[in-house]
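Structure data (compact mmCIF, C-alpha atoms) from coords-v6.txt:
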# COMPACT_ATOMS: atom_id res chain seq x y z
CA MET A 1 31.31 -66.30 10.80
CA LYS A 2 27.63 -65.40 11.07
CA ARG A 3 28.50 -62.19 12.93
CA ALA A 4 30.98 -61.22 10.17
CA ARG A 5 28.30 -61.66 7.47
CA GLN A 6 25.85 -59.46 9.44
CA LYS A 7 28.48 -56.74 9.74
CA ALA A 8 29.07 -56.87 5.99
CA VAL A 9 25.35 -56.54 5.29
CA ILE A 10 25.06 -53.52 7.58
CA GLU A 11 28.06 -51.84 5.95
CA ASN A 12 26.60 -52.47 2.49
CA GLU A 13 23.17 -51.10 3.45
CA ALA A 14 24.40 -47.96 5.18
CA PRO A 15 25.21 -46.05 1.99
CA GLN A 16 21.86 -47.00 0.51
CA THR A 17 20.01 -45.63 3.53
CA SER A 18 22.01 -42.38 3.32
CA GLN A 19 21.30 -42.13 -0.40
CA LYS A 20 17.58 -42.68 0.22
CA SER A 21 17.53 -39.93 2.87
CA LYS A 22 19.32 -37.58 0.53
CA LYS A 23 16.83 -38.37 -2.22
CA GLN A 24 13.91 -37.64 0.14
CA LYS A 25 15.37 -34.21 1.02
CA THR A 26 15.90 -33.44 -2.64
CA CYS A 27 12.30 -34.31 -3.40
CA LEU A 28 11.15 -32.12 -0.52
CA TYR A 29 13.09 -29.07 -1.77
CA GLY A 30 11.98 -29.84 -5.31
CA SER A 31 8.31 -29.75 -4.30
CA VAL A 32 8.84 -26.29 -2.80
CA PHE A 33 10.66 -24.75 -5.74
CA GLY A 34 8.75 -26.55 -8.49
CA GLY A 35 11.58 -28.75 -9.73
CA SER A 36 12.78 -32.31 -9.15
CA ASP A 37 16.43 -31.43 -8.70
CA LEU A 38 17.72 -28.96 -6.11
CA HIS A 39 20.54 -27.93 -8.44
CA ALA A 40 18.34 -27.54 -11.50
CA SER A 41 17.42 -24.01 -12.57
CA MET A 42 14.17 -22.75 -11.06
CA ASP A 43 11.08 -22.31 -13.23
CA TRP A 44 10.51 -18.64 -12.44
CA GLY A 45 7.47 -18.53 -14.70
CA SER A 46 5.60 -20.95 -12.44
CA LEU A 47 5.85 -18.81 -9.29
CA PRO A 48 2.45 -17.90 -7.82
CA HIS A 49 0.84 -14.80 -9.31
CA HIS A 50 0.74 -12.88 -6.01
CA LEU A 51 4.43 -13.58 -5.37
CA ILE A 52 5.52 -12.23 -8.76
CA LEU A 53 3.37 -9.16 -8.20
CA ARG A 54 5.02 -8.64 -4.80
CA ILE A 55 8.48 -8.85 -6.41
CA PHE A 56 7.55 -6.18 -8.94
CA GLN A 57 6.25 -3.85 -6.23
CA PHE A 58 9.72 -3.65 -4.65
CA LEU A 59 11.52 -2.82 -7.90
CA PRO A 60 12.29 0.65 -9.28
CA LEU A 61 11.09 1.34 -12.81
CA VAL A 62 14.26 0.30 -14.68
CA ASP A 63 14.57 -3.01 -12.81
CA ARG A 64 10.85 -3.59 -13.15
CA ALA A 65 11.19 -3.25 -16.93
CA ARG A 66 14.12 -5.69 -16.96
CA ALA A 67 12.15 -8.22 -14.90
CA SER A 68 9.25 -8.04 -17.34
CA SER A 69 11.44 -9.69 -19.97
CA VAL A 70 11.96 -12.88 -17.90
CA CYS A 71 9.04 -14.60 -19.65
CA ARG A 72 5.63 -13.92 -21.17
CA ARG A 73 3.84 -14.42 -17.83
CA TRP A 74 6.04 -11.89 -16.06
CA ASN A 75 5.41 -9.44 -18.88
CA GLU A 76 1.66 -9.88 -18.44
CA ILE A 77 1.91 -9.23 -14.71
CA PHE A 78 4.08 -6.19 -15.46
CA HIS A 79 0.97 -4.58 -16.99
CA ILE A 80 -1.57 -5.46 -14.31
CA PRO A 81 -3.35 -2.22 -13.24
CA ASP A 82 -2.90 -2.99 -9.51
CA LEU A 83 0.88 -2.76 -9.99
CA TRP A 84 0.63 0.84 -11.17
CA ARG A 85 -1.74 2.35 -8.62
CA ARG A 86 1.16 3.28 -6.34
CA PHE A 87 4.58 4.03 -7.81
CA GLU A 88 7.73 5.95 -6.95
CA PHE A 89 9.84 7.14 -9.85
CA GLU A 90 13.46 7.00 -8.62
CA LEU A 91 15.27 9.37 -10.94
CA SER A 92 18.93 9.45 -9.98
CA GLN A 93 21.36 10.56 -12.68
CA PRO A 94 22.49 7.00 -13.61
CA ALA A 95 18.86 5.86 -13.87
CA THR A 96 17.82 8.75 -16.11
CA SER A 97 20.83 8.15 -18.33
CA TYR A 98 19.89 4.48 -18.61
CA LEU A 99 16.34 5.37 -19.61
CA LYS A 100 17.57 7.70 -22.32
CA SER A 101 20.12 5.34 -23.82
CA THR A 102 18.41 1.95 -23.47
CA HIS A 103 14.66 2.44 -23.22
CA PRO A 104 13.88 5.86 -24.72
CA ASP A 105 10.16 5.02 -25.01
CA LEU A 106 9.71 3.08 -21.76
CA ILE A 107 8.12 5.95 -19.86
CA GLN A 108 5.86 6.80 -22.79
CA GLN A 109 4.67 3.19 -23.00
CA ILE A 110 3.93 3.00 -19.28
CA ILE A 111 2.06 6.30 -19.22
CA LYS A 112 0.09 5.51 -22.37
CA ARG A 113 -1.11 2.24 -20.88
CA HIS A 114 -1.34 3.07 -17.16
CA ALA A 115 -1.84 6.83 -16.70
CA ASP A 116 -5.45 6.27 -15.63
CA HIS A 117 -4.30 3.65 -13.08
CA LEU A 118 -1.72 5.83 -11.32
CA GLN A 119 -3.17 7.12 -8.04
CA TYR A 120 -0.25 7.44 -5.60
CA VAL A 121 2.80 8.82 -7.39
CA SER A 122 6.05 10.25 -6.08
CA PHE A 123 9.26 11.37 -7.72
CA LYS A 124 12.50 10.94 -5.81
CA VAL A 125 15.34 12.87 -7.45
CA ASP A 126 18.97 13.51 -6.60
CA SER A 127 20.79 16.84 -6.83
CA SER A 128 21.28 16.72 -10.62
CA THR A 129 19.25 18.98 -12.88
CA GLU A 130 18.92 16.06 -15.29
CA SER A 131 16.90 14.07 -12.75
CA ALA A 132 14.60 16.99 -11.96
CA GLU A 133 14.09 17.67 -15.66
CA ALA A 134 13.18 14.01 -16.18
CA ALA A 135 10.57 14.26 -13.42
CA CYS A 136 9.03 17.34 -15.03
CA ASN A 137 8.95 15.60 -18.41
CA ILE A 138 7.07 12.66 -16.90
CA LEU A 139 4.63 14.99 -15.11
CA SER A 140 3.93 16.72 -18.43
CA GLN A 141 2.75 13.42 -19.91
CA LEU A 142 0.19 12.60 -17.20
CA VAL A 143 -2.73 13.93 -19.20
CA ASN A 144 -5.19 11.08 -18.59
CA CYS A 145 -4.30 10.57 -14.95
CA SER A 146 -6.43 10.36 -11.83
CA ILE A 147 -3.71 10.93 -9.25
CA LYS A 148 -4.75 11.25 -5.60
CA THR A 149 -1.32 11.60 -3.96
CA LEU A 150 1.64 13.46 -5.48
CA GLY A 151 5.10 13.75 -3.96
CA LEU A 152 8.17 15.59 -5.25
CA ILE A 153 11.07 14.59 -3.01
CA SER A 154 14.65 15.84 -3.28
CA THR A 155 17.34 13.69 -1.69
CA ALA A 156 19.84 16.56 -2.09
CA LYS A 157 19.78 20.20 -3.15
CA PRO A 158 19.35 21.94 -5.58
CA SER A 159 17.43 19.45 -7.81
CA PHE A 160 14.08 21.05 -8.73
CA MET A 161 15.31 24.57 -7.93
CA ASN A 162 17.60 24.40 -10.96
CA VAL A 163 14.66 23.72 -13.29
CA SER A 164 13.16 26.79 -14.92
CA LYS A 165 10.08 28.02 -13.06
CA ALA A 166 8.07 28.07 -16.28
CA HIS A 167 8.89 24.43 -17.10
CA PHE A 168 8.09 23.29 -13.55
CA ALA A 169 4.81 25.22 -13.43
CA SER A 170 3.76 23.89 -16.82
CA ALA A 171 4.38 20.29 -15.73
CA LEU A 172 2.43 20.75 -12.49
CA THR A 173 -0.45 22.38 -14.34
CA VAL A 174 -0.94 19.22 -16.39
CA VAL A 175 -1.44 17.17 -13.22
CA PHE A 176 -3.47 19.79 -11.35
CA VAL A 177 -5.87 20.31 -14.26
CA ASN A 178 -6.33 16.68 -15.29
CA SER A 179 -6.45 14.88 -11.95
CA LYS A 180 -9.31 16.76 -10.30
CA SER A 181 -9.12 14.40 -7.31
CA LEU A 182 -5.83 15.28 -5.60
CA SER A 183 -6.07 14.74 -1.86
CA SER A 184 -2.41 14.78 -0.76
CA ILE A 185 0.56 16.82 -2.04
CA LYS A 186 4.10 16.97 -0.69
CA MET A 187 6.78 19.17 -2.28
CA ASP A 188 10.27 19.94 -0.97
CA ASP A 189 12.68 22.49 -2.47
CA THR A 190 10.65 23.31 -5.58
CA PRO A 191 9.88 26.49 -7.58
CA LEU A 192 6.16 26.10 -6.84
CA ASP A 193 4.47 29.52 -7.15
CA ASP A 194 1.17 31.28 -6.44
CA PRO A 195 -0.33 30.86 -9.96
CA SER A 196 0.27 27.09 -9.71
CA LEU A 197 -1.53 27.00 -6.36
CA LYS A 198 -4.49 28.84 -7.91
CA VAL A 199 -4.69 26.17 -10.64
CA LEU A 200 -4.53 23.48 -7.94
CA VAL A 201 -7.37 25.10 -6.01
CA ALA A 202 -9.51 25.69 -9.10
CA ASN A 203 -9.49 21.98 -9.96
CA ASN A 204 -9.08 20.14 -6.64
CA SER A 205 -10.59 22.31 -3.91
CA ASP A 206 -13.16 19.69 -2.92
CA THR A 207 -10.66 16.85 -2.50
CA LEU A 208 -7.43 18.37 -1.13
CA LYS A 209 -6.84 17.27 2.47
CA LEU A 210 -3.05 17.43 2.93
CA LEU A 211 -0.58 19.99 1.63
CA LYS A 212 3.08 19.93 2.68
CA MET A 213 5.41 22.54 1.26
CA SER A 214 8.97 23.02 2.45
CA SER A 215 11.43 25.55 1.00
CA CYS A 216 9.17 26.84 -1.78
CA PRO A 217 10.44 30.46 -1.97
CA HIS A 218 8.09 31.54 -4.78
CA VAL A 219 4.95 30.92 -2.71
CA SER A 220 3.70 34.01 -0.88
CA PRO A 221 1.30 34.40 2.07
CA ALA A 222 -1.37 35.36 -0.47
CA GLY A 223 -0.85 32.10 -2.37
CA ILE A 224 -1.29 29.87 0.67
CA LEU A 225 -4.22 32.01 1.84
CA CYS A 226 -5.94 31.19 -1.46
CA VAL A 227 -5.62 27.50 -0.60
CA ALA A 228 -7.04 27.98 2.90
CA ASP A 229 -9.94 30.09 1.60
CA GLN A 230 -11.06 27.54 -1.00
CA CYS A 231 -9.98 24.08 0.27
CA HIS A 232 -12.42 23.64 3.13
CA GLY A 233 -11.51 19.97 3.65
CA LEU A 234 -7.84 20.69 4.39
CA LYS A 235 -6.77 18.68 7.46
CA GLU A 236 -2.94 18.81 7.37
CA LEU A 237 -0.73 21.70 6.37
CA ALA A 238 3.06 22.10 6.45
CA LEU A 239 4.78 25.33 5.45
CA ASN A 240 7.64 27.69 6.17
CA TYR A 241 7.08 30.37 8.77
CA TYR A 242 7.52 33.23 6.31
CA ILE A 243 4.16 32.39 4.65
CA LEU A 244 2.31 31.94 7.94
CA SER A 245 0.02 34.90 8.64
CA ASP A 246 -2.83 36.01 10.86
CA GLU A 247 -5.11 35.97 7.81
CA LEU A 248 -4.18 32.33 7.11
CA LEU A 249 -4.99 31.19 10.66
CA LEU A 250 -8.31 33.04 10.57
CA ALA A 251 -9.18 31.47 7.22
CA LEU A 252 -8.48 28.01 8.65
CA SER A 253 -10.73 28.93 11.56
CA SER A 254 -13.80 29.87 9.52
CA GLU A 255 -17.09 28.02 10.09
CA LYS A 256 -17.05 26.48 6.59
CA HIS A 257 -13.63 24.89 7.17
CA VAL A 258 -13.23 21.39 8.67
CA ASP A 259 -11.16 20.97 11.82
CA LEU A 260 -7.44 21.18 11.09
CA GLU A 261 -5.60 18.18 12.55
CA HIS A 262 -1.93 18.99 11.96
CA LEU A 263 -0.08 22.24 11.30
CA ARG A 264 3.69 22.02 10.86
CA ILE A 265 5.78 25.19 10.69
CA ASP A 266 9.48 25.27 9.77
CA VAL A 267 11.29 28.34 11.11
CA VAL A 268 14.60 28.46 9.25
CA SER A 269 17.37 31.03 8.91
CA GLU A 270 20.47 30.53 6.79
CA ASN A 271 22.10 33.90 7.46
CA PRO A 272 22.12 35.18 11.05
CA GLY A 273 20.69 38.66 11.37
CA GLN A 274 19.49 38.79 7.76
CA VAL A 275 15.86 37.86 8.44
CA GLU A 276 13.40 39.67 10.71
CA PHE A 277 10.63 37.30 11.76
CA HIS A 278 7.11 38.66 12.10
CA THR A 279 4.88 37.97 15.09
CA ILE A 280 1.55 36.12 14.91
CA LYS A 281 -1.15 37.65 17.10
CA LYS A 282 -2.51 35.74 20.07
CA GLN A 283 -6.07 36.31 18.82
CA SER A 284 -5.26 34.44 15.60
CA TRP A 285 -3.85 31.44 17.46
CA ASP A 286 -6.85 31.47 19.80
CA ALA A 287 -9.26 31.44 16.87
CA LEU A 288 -7.55 28.39 15.36
CA VAL A 289 -7.62 26.41 18.61
CA LYS A 290 -11.23 27.37 19.31
CA HIS A 291 -12.21 26.08 15.86
CA SER A 292 -9.90 23.01 15.93
CA PRO A 293 -9.34 22.20 19.62
CA LYS A 294 -7.40 18.99 18.93
CA VAL A 295 -5.02 20.48 16.36
CA ASN A 296 -1.33 19.57 16.68
CA ILE A 297 0.87 22.62 16.06
CA VAL A 298 4.44 21.50 15.39
CA MET A 299 7.31 23.97 15.08
CA TYR A 300 10.86 23.16 13.96
CA PHE A 301 13.37 25.91 14.75
CA PHE A 302 16.71 26.30 12.99
CA LEU A 303 17.60 29.81 14.14
CA TYR A 304 20.51 31.55 15.78
CA GLU A 305 20.02 32.76 19.36
CA GLU A 306 19.62 36.41 18.42
CA GLU A 307 16.74 35.62 16.05
CA PHE A 308 14.23 34.25 18.58
CA ASP A 309 12.94 37.64 19.72
CA ALA A 310 9.61 37.41 17.85
CA PHE A 311 8.54 34.09 19.35
CA PHE A 312 6.62 33.04 22.48
CA ARG A 313 6.30 36.48 24.04
CA GLU A 314 2.57 35.77 24.32
CA GLU A 315 0.69 32.53 24.88
CA THR A 316 1.14 30.25 21.87
CA PRO A 317 -0.78 26.96 21.43
CA VAL A 318 2.19 25.00 20.10
CA THR A 319 2.15 21.27 20.95
CA HIS A 320 5.50 20.03 19.62
CA LEU A 321 8.76 22.01 19.66
CA TYR A 322 12.10 21.00 18.12
CA PHE A 323 15.19 23.22 18.38
CA GLY A 324 17.89 22.13 15.94
CA ARG A 325 20.38 24.81 17.03
CA ALA A 326 21.33 26.37 20.35
CA VAL A 327 18.52 28.07 22.22
CA SER A 328 18.97 30.43 25.15
CA LYS A 329 17.82 30.03 28.78
CA ALA A 330 15.58 33.06 28.31
CA MET A 331 13.83 31.43 25.37
CA LEU A 332 13.22 28.21 27.30
CA GLY A 333 11.86 30.32 30.15
CA ARG A 334 9.33 31.89 27.77
CA ILE A 335 8.26 28.44 26.63
CA GLY A 336 7.55 27.46 30.22
CA MET A 337 5.43 30.57 30.68
CA ASN A 338 3.56 30.71 27.36
CA CYS A 339 3.15 27.19 25.89
CA PRO A 340 0.49 25.48 28.05
CA ARG A 341 -0.47 22.96 25.31
CA LEU A 342 3.11 21.66 24.92
CA ILE A 343 3.30 17.86 24.48
CA GLU A 344 6.86 17.32 23.24
CA LEU A 345 10.07 19.34 23.59
CA VAL A 346 13.46 18.57 22.05
CA VAL A 347 16.44 20.86 22.67
CA CYS A 348 19.54 19.84 20.73
CA ALA A 349 21.85 22.44 22.26
CA ASN A 350 22.13 25.22 24.85
CA GLY A 351 24.86 27.30 26.45
CA LEU A 352 26.84 26.19 29.47
CA GLN A 353 24.31 27.30 32.09
CA PRO A 354 22.19 24.74 33.98
CA LEU A 355 18.54 24.67 32.88
CA ASP A 356 17.09 23.58 36.22
CA ASP A 357 14.71 26.52 36.71
CA GLU A 358 13.52 26.44 33.10
CA LEU A 359 12.72 22.71 33.20
CA ILE A 360 10.89 23.01 36.51
CA ARG A 361 8.78 25.88 35.14
CA ILE A 362 7.96 23.78 32.06
CA ALA A 363 6.93 20.87 34.31
CA GLU A 364 4.71 23.19 36.39
CA ARG A 365 2.86 24.90 33.55
CA CYS A 366 2.94 22.40 30.64
CA LYS A 367 0.54 19.82 32.08
CA ASN A 368 0.32 17.89 28.79
CA LEU A 369 4.07 17.33 28.42
CA THR A 370 4.76 13.64 27.70
CA ALA A 371 8.06 13.68 25.78
CA MET A 372 11.38 15.42 26.43
CA GLY A 373 14.78 15.27 24.75
CA LEU A 374 17.95 17.15 25.72
CA GLY A 375 21.22 17.15 23.78
CA GLU A 376 24.20 19.41 24.42
CA CYS A 377 22.76 21.08 27.53
CA GLU A 378 23.46 21.07 31.28
CA VAL A 379 21.09 20.12 34.11
CA THR A 380 22.03 19.27 37.69
CA CYS A 381 21.00 15.84 38.88
CA ARG A 382 18.88 17.41 41.62
CA GLY A 383 17.12 19.73 39.16
CA PHE A 384 16.50 16.89 36.71
CA ILE A 385 14.99 14.65 39.40
CA GLU A 386 12.73 17.50 40.54
CA PHE A 387 11.55 17.93 36.92
CA VAL A 388 10.82 14.19 36.56
CA LYS A 389 9.07 14.10 39.94
CA MET A 390 6.71 16.90 38.88
CA CYS A 391 5.93 15.27 35.52
CA GLY A 392 5.62 11.77 36.93
CA GLY A 393 4.49 8.80 34.89
CA ARG A 394 3.06 10.94 32.07
CA LEU A 395 6.59 11.22 30.60
CA THR A 396 6.37 8.37 28.11
CA GLN A 397 9.58 9.44 26.33
CA LEU A 398 12.63 10.82 28.12
CA SER A 399 15.82 10.92 26.07
CA ILE A 400 18.69 12.62 27.94
CA MET A 401 22.38 12.18 27.13
CA GLU A 402 24.49 11.25 30.14
CA GLU A 403 26.81 14.20 29.49
CA VAL A 404 23.90 16.57 30.14
CA LEU A 405 23.58 15.58 33.80
CA ILE A 406 25.83 17.28 36.37
CA PRO A 407 26.40 15.34 39.64
CA ASP A 408 25.83 17.37 42.83
CA ASN A 409 26.01 16.88 46.59
CA ASP A 410 22.62 15.16 46.70
CA TYR A 411 22.74 12.77 43.73
CA SER A 412 25.38 10.87 41.84
CA LEU A 413 24.82 9.44 38.37
CA ASP A 414 24.61 5.96 39.88
CA ARG A 415 21.77 6.97 42.18
CA LEU A 416 20.09 9.17 39.58
CA HIS A 417 18.71 6.40 37.37
CA LEU A 418 17.12 4.69 40.40
CA GLU A 419 15.36 7.87 41.51
CA VAL A 420 14.18 8.71 37.98
CA SER A 421 12.99 5.14 37.42
CA LYS A 422 10.98 5.32 40.64
CA HIS A 423 9.12 8.47 39.58
CA LEU A 424 8.55 7.26 36.01
CA GLY A 425 7.29 3.90 37.12
CA ARG A 426 9.67 2.04 34.81
CA MET A 427 13.38 1.35 34.44
CA TRP A 428 15.24 4.34 32.98
CA PHE A 429 18.86 5.08 32.08
CA PRO A 430 20.49 8.10 30.37
CA ASP A 431 21.11 7.67 26.64
CA MET A 432 24.54 7.22 25.11
CA MET A 433 23.17 8.86 21.97
CA PRO A 434 19.95 10.90 21.59
CA THR A 435 17.02 8.90 20.21
CA TRP A 436 14.91 11.68 18.74

Take the structure I supplied and represent it as structure tokens, if you would.
Amino acid sequence: MKRARQKAVIENEAPQTSQKSKKQKTCLYGSVFGGSDLHASMDWGSLPHHLILRIFQFLPLVDRARASSVCRRWNEIFHIPDLWRRFEFELSQPATSYLKSTHPDLIQQIIKRHADHLQYVSFKVDSSTESAEAACNILSQLVNCSIKTLGLISTAKPSFMNVSKAHFASALTVVFVNSKSLSSIKMDDTPLDDPSLKVLVANNSDTLKLLKMSSCPHVSPAGILCVADQCHGLKELALNYYILSDELLLALSSEKHVDLEHLRIDVVSENPGQVEFHTIKKQSWDALVKHSPKVNIVMYFFLYEEEFDAFFREETPVTHLYFGRAVSKAMLGRIGMNCPRLIELVVCANGLQPLDDELIRIAERCKNLTAMGLGECEVTCRGFIEFVKMCGGRLTQLSIMEEVLIPDNDYSLDRLHLEVSKHLGRMWFPDMMPTW
């Protein structure tokens, strides 16, 4: 009888204990989220200041404006100067349409209140002319700005190239004239021209350190030479090969110019046989390296095989080479003979002839080589192991597709990775997909 009563007491207490545990968990979650009930709506206005600011920093402009209407506190944080020092205007066609139809004065309000806070600004636009026009309209309003970094990024062509050159130049002039402290500029696929560069130089020559221009067909060698002549603090430069000249390299090598750290050159041809590429003199390259001995010279090639004739016939101080299209054995042989400063080489494609001799020559003469990538090429296992043996442990990156390697009488694919791993000093296997 006594045992029965004890069992009844235990059964009656069990639910209470469970309920108490559940209540404790609820209180614990409630203390974290600021409420007493897990299922109650959160008090978003009571989130810590730094957390709300962090949320805003991840939002594009339209969503940032929507979030500012959550409560008065969020609206106040929406206008904190720190939030507007770095901003990317994402101007896809749906976003620009939303701005026009729903918040026609949103941009004007932001610029009126925060133009002098904006320091790092970029515009990311899609292929629509509407998006590029919207970016130009915003640029035209940055009268009281103090921008240090400006980026105009196209996620797809033609974007800015469909905007009239006069409208684009006028918008850029507003920023170039009023900022007077620009240190970094990146522009892809834009109608930037020589007069605009002269305005840039006239107002920002003492501060400009980085200039990256890709596919800006209205810029001439004379325009970029003006930048090199006047911007003595320039440390990084990226441009298309057609505006590279001996005069430009000599200007960058003058005593009044700081050491250049990074020079990127895009060598691009859309129509095979339609473009004749000029040759840069060895003396000009030598002058640049003598002045800036640690400069990285990076070249991206997107040419057809018959268009390589102008390159690497003399010693060239290139450090990083990327071939996006097929390159011939003869061209790779020239690289082995004339690129002693080479650090990284990536070959995406080649004909169906083994590259053993070319790789071995590169290993012999390019003593600084630390990274290699091969795509649709052919190398015998024996030749590849000889290349790795000569380079040794200095090859920190070696990305070779398995299909590249041809088994021979000396080495099978199974034995290959053991031999290569031994010479590299670490475990190595061929790649299923290239990693560059």

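Residues with any atom within 9 Å of the point (4.3, 17.2, 37.8), counting only C-alpha atoms, are Ile360, Ala363, Glu364, Arg365, Cys366, Lys367, Glu386, Phe387, Val388, Lys389, Met390, Cys391, Gly392, Gly393 and Arg394 of chain A.
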
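CA of Asn350 in chain A to CA of Thr319 in chain A spans 20.7 Å [interatomic distance, one decimal].
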
Draw an axis-aligned box over all listed atoms of range 410-415 of chain A, pad each side with 4 Å, and write its centre and edge lengths in Å, one decimal, as AutoDock Vina command-line options.
--center_x 23.6 --center_y 10.6 --center_z 42.5 --size_x 11.6 --size_y 17.2 --size_z 16.3

Contacts of Gly223 in chain A at 10 Å (only C-alpha atoms; same-chain gap of 5+ positions) as a CSV table (one decimal) with C-alpha atoms, in the frame of the given file:
chain,number,residue,atom,x,y,z
A,193,ASP,CA,4.5,29.5,-7.2
A,194,ASP,CA,1.2,31.3,-6.4
A,195,PRO,CA,-0.3,30.9,-10.0
A,196,SER,CA,0.3,27.1,-9.7
A,197,LEU,CA,-1.5,27.0,-6.4
A,198,LYS,CA,-4.5,28.8,-7.9
A,218,HIS,CA,8.1,31.5,-4.8
A,228,ALA,CA,-7.0,28.0,2.9
A,243,ILE,CA,4.2,32.4,4.6

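Those residues that approach Glu76 in chain A to within 12 Å, counting only C-alpha atoms, are A:Gly45, A:His49, A:Ile52, A:Leu53, A:Phe56, A:Ala65, A:Ala67, A:Ser68, A:Ser69, A:Val70, A:Cys71, A:Arg72, A:Arg73, A:Trp74, A:Phe78, A:His79, A:Ile80, A:Pro81, A:Leu83; same-chain residues fewer than 2 positions away are not listed.
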